[in-house]
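Trainee: First, the structure itself, so that you have it in front of you.
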Amino acid sequence: MQTIKAAVCHEFGAPLVIEDIHLRAPDVGEVEVTLHAVAICHSDISFAGGAWGGSLPAVYGHEAAGKVSAVGPNVNGVAEGDSVVVTLIRACGICRSCAGGKPTICETPYDGDAGPIRTTEGGMLHQAMACGAFAEKVVVDQSQLVKVSDAIRMDAASLIACGVITGVGAVVNAAGLRAGQDVVVIGAGGVGLNAIQGARIAGARRIVAVDMTEEKLEDAKAFGATHGVLATGDTPWRAAFKALGGKGADAVIVTVGAIPAYDQSLKYLGRGGKVVMVGMPHSGAMAEYEPVTAAFMGQGLVGSKMGDVVIQRDIPWMVDLYEQGRLQLDSLISGRWSLEQINEAIADTKAGKARRNVIVFDH
């Protein structure tokens with residue numbers, strides 16, 4: 001066991017506590033990564049707020065990058081010193097979902113209570129989302145890692161672990177957008193901006209961003225949106241229809257976990273279109289639809305977890321796009337904070353103005 005610092009959640013809704021924890025050495029198929037950066041995702045905030053329950057105490061954080069510092073037996077593809085992106089996508093590789101090319105919905109359960117971290121007294125400490133990356137180091141399954149070029153900045157690389165693959169993947173993989181089609185993206189936060197980038201990269205004809213503030217709509221245009229619509233009006237979908245040339249979208253990407261956004265999502269959609277559900281409301285929250293309209297219009301609703309990505313296929317592609325200047329990463333970062341400042345970074349994220357706040361480690 002080694003001792004590292006981590007931000008621990010002891011009570012839902014309470015500030016995280018910076019304290020020493022114990023991390024065991026990597027076991028069979030596992031890798032230890034010394035983290036250089038971990039971004040703050042709204043999912044971490046929701047979990048820490050108790051939106052989806054779970055075990056406590058816990059270490060959250062799942063959007064990370066760093067250097068491999070130790071490898072366990074039977075590890076392939078990475079070695080000590082490699083730069084890697086660390087994701088929450090832990091895939092067994094042999095279940096029906098993995099074998100079918102859907103590792104994001106792997107059917108093999110993982111018990112975070114029995115993971116590699118413990119309190120200094122030896123008590124249970126939950127490794128949230130199979131990562132627990134609000135810490136100086138992590139031990140994760142090798143399936144969760146992708147080796148990347150040493151040339152990419154670690155703070156930029158960390159964003160690929162969740163926000164980027166979720167947003168871009170929702171458009172390219174889940175929606176299956178074709179060049180020349182029209183897209184509406186509801187929510188222009190971190191994931192929404194990446195969905196907008198994904199639509200631009202995929203060759204969308206029109207990309208309409210929908211958000212609550214003009215500031216976010218200006219952000220959206222900087223990332224590729226062709227039009228912006230304020231969601232504060234009575235019928236924002238009518239403005240979207242006008243922007244789309246008098247018709248509905250081929251795909252609507254809902255990137256926020258807000259029930260009103262889901263209630264209205266079908267109203268932006270055209271015949272034969274698809275709503276891709278990305279944002280995650282609190283457990284128990286219910287949306288309402290009129291099924292007859294979706295049936296008559298041949299419309300679909302599909303959930304998308306982590307952009308339906310295959311990380312060994314999609315992350316290297318996205319890194320290449322970044323290095324070519326076709327995928328923005330650096331401009332997604334609103335602020336860089338130390339681990340000791342994590343509660344301030346979370347508060348800034350909750351205020352709604354940040355694109356992505358990143359915790360950086362000084363090694």
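Here's how to read the names in the structure tokens: chain A, B, ... by the order shown, residue numbers from 1 in each chain, ligand numbers from 1 in the order shown.
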Give me, as JSON lines, each residue of region 159-249 of chain A that comes within 12 Å of region 317-323 of chain A, together with its shortest interatomic pair and the distance in Å at one decimal, counting only C-alpha atoms, with rows ordered by chain and rising residue number.

Mentor:
{"residue": "A:Leu159", "atom": "CA", "partner": "A:Val319", "partner_atom": "CA", "distance": 10.9}
{"residue": "A:Ile160", "atom": "CA", "partner": "A:Met318", "partner_atom": "CA", "distance": 7.9}
{"residue": "A:Ala161", "atom": "CA", "partner": "A:Met318", "partner_atom": "CA", "distance": 10.8}
{"residue": "A:Val164", "atom": "CA", "partner": "A:Met318", "partner_atom": "CA", "distance": 8.5}
{"residue": "A:Ile165", "atom": "CA", "partner": "A:Met318", "partner_atom": "CA", "distance": 8.2}
{"residue": "A:Thr166", "atom": "CA", "partner": "A:Met318", "partner_atom": "CA", "distance": 11.8}
{"residue": "A:Gly167", "atom": "CA", "partner": "A:Met318", "partner_atom": "CA", "distance": 11.7}
{"residue": "A:Val168", "atom": "CA", "partner": "A:Met318", "partner_atom": "CA", "distance": 9.0}
{"residue": "A:Gly169", "atom": "CA", "partner": "A:Met318", "partner_atom": "CA", "distance": 10.2}
{"residue": "A:Val172", "atom": "CA", "partner": "A:Met318", "partner_atom": "CA", "distance": 11.8}
{"residue": "A:Asn194", "atom": "CA", "partner": "A:Met318", "partner_atom": "CA", "distance": 11.2}
{"residue": "A:Gln197", "atom": "CA", "partner": "A:Leu321", "partner_atom": "CA", "distance": 10.9}
{"residue": "A:Gly198", "atom": "CA", "partner": "A:Met318", "partner_atom": "CA", "distance": 10.0}
{"residue": "A:Ile201", "atom": "CA", "partner": "A:Leu321", "partner_atom": "CA", "distance": 9.2}

Trainee: Taking only residues of region 170-218 of chain A that have an atom at most 8 Å from an atom of region 263-280 of chain A, what is each one's shortest atom pair and its distance in Å to one decimal, using only C-alpha atoms, in chain and number order, as a Markdown table?

Mentor:
| residue | atom | partner | partner_atom | distance |
| --- | --- | --- | --- | --- |
| A:Ala170 | CA | A:Val276 | CA | 6.9 |
| A:Ala174 | CA | A:Val276 | CA | 6.9 |
| A:Ala175 | CA | A:Val276 | CA | 6.5 |
| A:Val184 | CA | A:Tyr268 | CA | 7.3 |

Trainee: Write out as a VMD selection string which residues come within 10 Å of Val256 (chain A) when counting only C-alpha atoms, dropping same-chain ones fewer than 4 positions away.

Mentor: chain A and resid 42 185 to 192 211 260 to 262 277 to 281

Trainee: Put those residues in a file: N, CA, C and O atoms, as a compact mmCIF listing (two decimals), in the first residue's frame.

Mentor:
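What ended up in out23.txt:
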# COMPACT_ATOMS: atom_id res chain seq x y z
N HIS A 42 -20.00 17.38 -14.75
CA HIS A 42 -21.25 17.53 -13.99
C HIS A 42 -21.70 16.20 -13.38
O HIS A 42 -22.42 16.19 -12.37
N VAL A 185 -28.55 21.07 -31.01
CA VAL A 185 -27.87 20.66 -29.77
C VAL A 185 -28.46 21.48 -28.63
O VAL A 185 -28.34 22.71 -28.62
N ILE A 186 -29.12 20.81 -27.70
CA ILE A 186 -29.72 21.48 -26.55
C ILE A 186 -28.72 21.46 -25.40
O ILE A 186 -28.37 20.40 -24.88
N GLY A 187 -28.24 22.65 -25.04
CA GLY A 187 -27.22 22.80 -24.01
C GLY A 187 -25.87 23.05 -24.62
O GLY A 187 -25.36 22.22 -25.39
N ALA A 188 -25.28 24.19 -24.31
CA ALA A 188 -23.97 24.55 -24.87
C ALA A 188 -22.90 24.60 -23.79
O ALA A 188 -22.03 25.47 -23.79
N GLY A 189 -22.98 23.65 -22.87
CA GLY A 189 -21.92 23.49 -21.87
C GLY A 189 -20.80 22.64 -22.43
O GLY A 189 -20.63 22.52 -23.64
N GLY A 190 -20.03 22.01 -21.53
CA GLY A 190 -18.87 21.24 -21.97
C GLY A 190 -19.20 20.15 -22.97
O GLY A 190 -18.58 20.04 -24.04
N VAL A 191 -20.20 19.31 -22.66
CA VAL A 191 -20.58 18.23 -23.58
C VAL A 191 -21.26 18.79 -24.82
O VAL A 191 -21.01 18.34 -25.95
N GLY A 192 -22.10 19.80 -24.65
CA GLY A 192 -22.79 20.40 -25.78
C GLY A 192 -21.84 20.99 -26.80
O GLY A 192 -22.03 20.84 -28.02
N ASP A 211 -29.71 27.27 -25.80
CA ASP A 211 -29.24 27.41 -24.43
C ASP A 211 -29.99 28.55 -23.75
O ASP A 211 -30.72 29.32 -24.39
N PRO A 260 -37.22 19.79 -18.57
CA PRO A 260 -37.85 20.59 -19.63
C PRO A 260 -37.18 20.41 -20.99
O PRO A 260 -37.86 20.43 -22.03
N ALA A 261 -35.87 20.21 -21.00
CA ALA A 261 -35.17 19.98 -22.27
C ALA A 261 -35.64 18.69 -22.91
O ALA A 261 -35.83 18.62 -24.14
N TYR A 262 -35.83 17.66 -22.10
CA TYR A 262 -36.32 16.38 -22.64
C TYR A 262 -37.79 16.49 -23.07
O TYR A 262 -38.19 15.93 -24.10
N MET A 277 -30.30 11.02 -26.28
CA MET A 277 -30.38 11.40 -24.88
C MET A 277 -29.02 11.20 -24.21
O MET A 277 -28.58 10.07 -24.02
N VAL A 278 -28.37 12.32 -23.89
CA VAL A 278 -27.03 12.29 -23.31
C VAL A 278 -27.06 12.77 -21.86
O VAL A 278 -26.52 12.13 -20.96
N GLY A 279 -27.67 13.94 -21.59
CA GLY A 279 -27.74 14.50 -20.25
C GLY A 279 -28.52 13.59 -19.32
O GLY A 279 -29.52 13.00 -19.70
N MET A 280 -28.06 13.50 -18.06
CA MET A 280 -28.65 12.56 -17.10
C MET A 280 -29.33 13.29 -15.95
O MET A 280 -28.65 13.81 -15.05
N PRO A 281 -30.67 13.34 -15.94
CA PRO A 281 -31.39 13.93 -14.81
C PRO A 281 -31.22 13.08 -13.55
O PRO A 281 -30.71 11.95 -13.60

Trainee: When you count only C-alpha atoms, which of these residues is closest to Trp237 (chain A): A:Ser46, A:Gly224, A:Ala249, A:Thr104?

Mentor: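 Checking each candidate against Trp237 (chain A), we get A:Ala249 as the closest.
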
Trainee: Could you give me, as a list in words, the residues within 10 Å of region 18-22 of chain A, counting only C-alpha atoms and dropping anything in the same chain fewer than 4 positions from it?

Mentor: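 Everything that qualifies: Met1, Gln2, Thr3, Ile4, Lys5, Ala6, Ala7, Val8, Cys9, Val59, Pro116, Ile117, Arg118, Thr119, Thr120, Glu121, Gly122, Gly123, Leu125, Phe134, Ala135, Leu339, Glu340, Gln341, Ile342 and Asn343 of chain A.
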
Trainee: With distances taken over only C-alpha atoms, which of A:Ala204, A:Ala220, A:Leu56, A:Leu327 is nearest to Asp250 (chain A)?

Mentor: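 Closest residue, counting only C-alpha atoms: A:Ala204.
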
Trainee: Within 6 Å of region 80-86 of chain A, counting only C-alpha atoms, which residues show up once you throw out same-chain ones fewer than 4 positions away? Write them as a VMD selection string, please.

Mentor: chain A and resid 64 to 70 144 to 148 150

Trainee: What is the CA of Ser143 (chain A)-CA of Ala91 (chain A) distance in Å, reported with one decimal?

Mentor: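 Distance reported for this atom pair: 5.9 Å.
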
Trainee: Out of region 112-303 of chain A, which residues get helix (DSSP H, G or I) from DSSP, as a PyMOL selection string?

Mentor: chain A and resi 112-114+128-130+142-144+154-174+190-202+214-222+236-243+259-268+291-297

Trainee: Take CA of Leu193 (chain A) and CA of Gly228 (chain A) and report the distance between them in Å, one decimal.

Mentor: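 CA of Gly228 (chain A) lies at a distance of 12.3 Å from CA of Leu193 (chain A).
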
Trainee: Which polymer residues have any atom within 12 Å of an atom of region 95-98 of chain A, counting only C-alpha atoms, with same-chain residues fewer than 2 positions away left out, as a list of chain:residue names?

Mentor: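 The filter keeps A:Ile89, A:Arg90, A:Ala91, A:Cys92, A:Gly93, A:Gly100, A:Gly101, A:Lys102, A:Pro103, A:Thr104, A:Ile105, A:Cys106, A:Glu107, A:Thr108, A:Pro109, A:Ser143, A:Asp308, A:Val309, A:Val310.
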
Trainee: With C-alpha atoms retained, could you export that selection as a JSON list (two decimals), in the first residue's frame?

Mentor:
[["chain", "number", "residue", "atom", "x", "y", "z"],
["A", 89, "ILE", "CA", -15.20, 2.72, -19.60],
["A", 90, "ARG", "CA", -14.20, -0.55, -17.93],
["A", 91, "ALA", "CA", -14.93, -3.33, -20.45],
["A", 92, "CYS", "CA", -14.55, -7.08, -19.98],
["A", 93, "GLY", "CA", -14.30, -7.65, -23.75],
["A", 100, "GLY", "CA", -21.23, -6.52, -30.12],
["A", 101, "GLY", "CA", -19.00, -3.44, -30.23],
["A", 102, "LYS", "CA", -20.69, -1.64, -27.31],
["A", 103, "PRO", "CA", -18.06, -1.56, -24.53],
["A", 104, "THR", "CA", -19.67, 1.53, -22.94],
["A", 105, "ILE", "CA", -22.52, -0.71, -21.75],
["A", 106, "CYS", "CA", -20.39, -3.69, -20.67],
["A", 107, "GLU", "CA", -22.55, -6.15, -18.73],
["A", 108, "THR", "CA", -19.85, -7.31, -16.30],
["A", 109, "PRO", "CA", -20.43, -5.50, -12.99],
["A", 143, "SER", "CA", -9.34, -1.56, -20.71],
["A", 308, "ASP", "CA", -21.11, 4.91, -27.74],
["A", 309, "VAL", "CA", -17.36, 5.02, -28.26],
["A", 310, "VAL", "CA", -14.80, 2.28, -28.65]]

Trainee: So, with only C-alpha atoms as the atoms that count, which of A:Leu329, A:Val38, A:Ala25, A:Ala58 lies closest to Glu11 (chain A)?

Mentor: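 Smallest distance to Glu11 (chain A) is found for A:Ala58.
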
Trainee: With only C-alpha atoms as the basis for distance, which of A:Arg355, A:His282, A:Lys221, A:Arg205 is at the shortest distance from Cys41 (chain A)?

Mentor: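 Looking only at the distances to Cys41 (chain A), the closest residue turns out to be A:Arg355.
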
Trainee: Return the single residue from A:Leu88, A:Val254, A:Ala39, A:Met124 that is closest to Leu332 (chain A), with distances computed using only C-alpha atoms.

Mentor: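 Once distances to Leu332 (chain A) are computed over only C-alpha atoms, the minimum belongs to A:Ala39.
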
Trainee: I'd like to know which of A:Asp219, A:Glu136, A:Asn173, A:Asp348 is closest to Arg313 (chain A), using only C-alpha atoms.

Mentor: A:Asn173

Trainee: Taking the DSSP secondary structure from the backbone, can you list the residues of region 248-311 of chain A that are strand (DSSP E or B), as a PyMOL selection string?

Mentor: chain A and resi 249-254+269-277+300-303

Trainee: Can you pull out the residues contacting Asn74 (chain A)? Cut-off 9 Å, using only C-alpha atoms, and skip same-chain residues under 6 positions away; I want them as an MDAnalysis selection string.

Mentor: chainID A and resid 28:30

Trainee: To one decimal place in Å, what is the distance between CA of Pro26 (chain A) and CA of Gly72 (chain A)?

Mentor: 4.9 Å
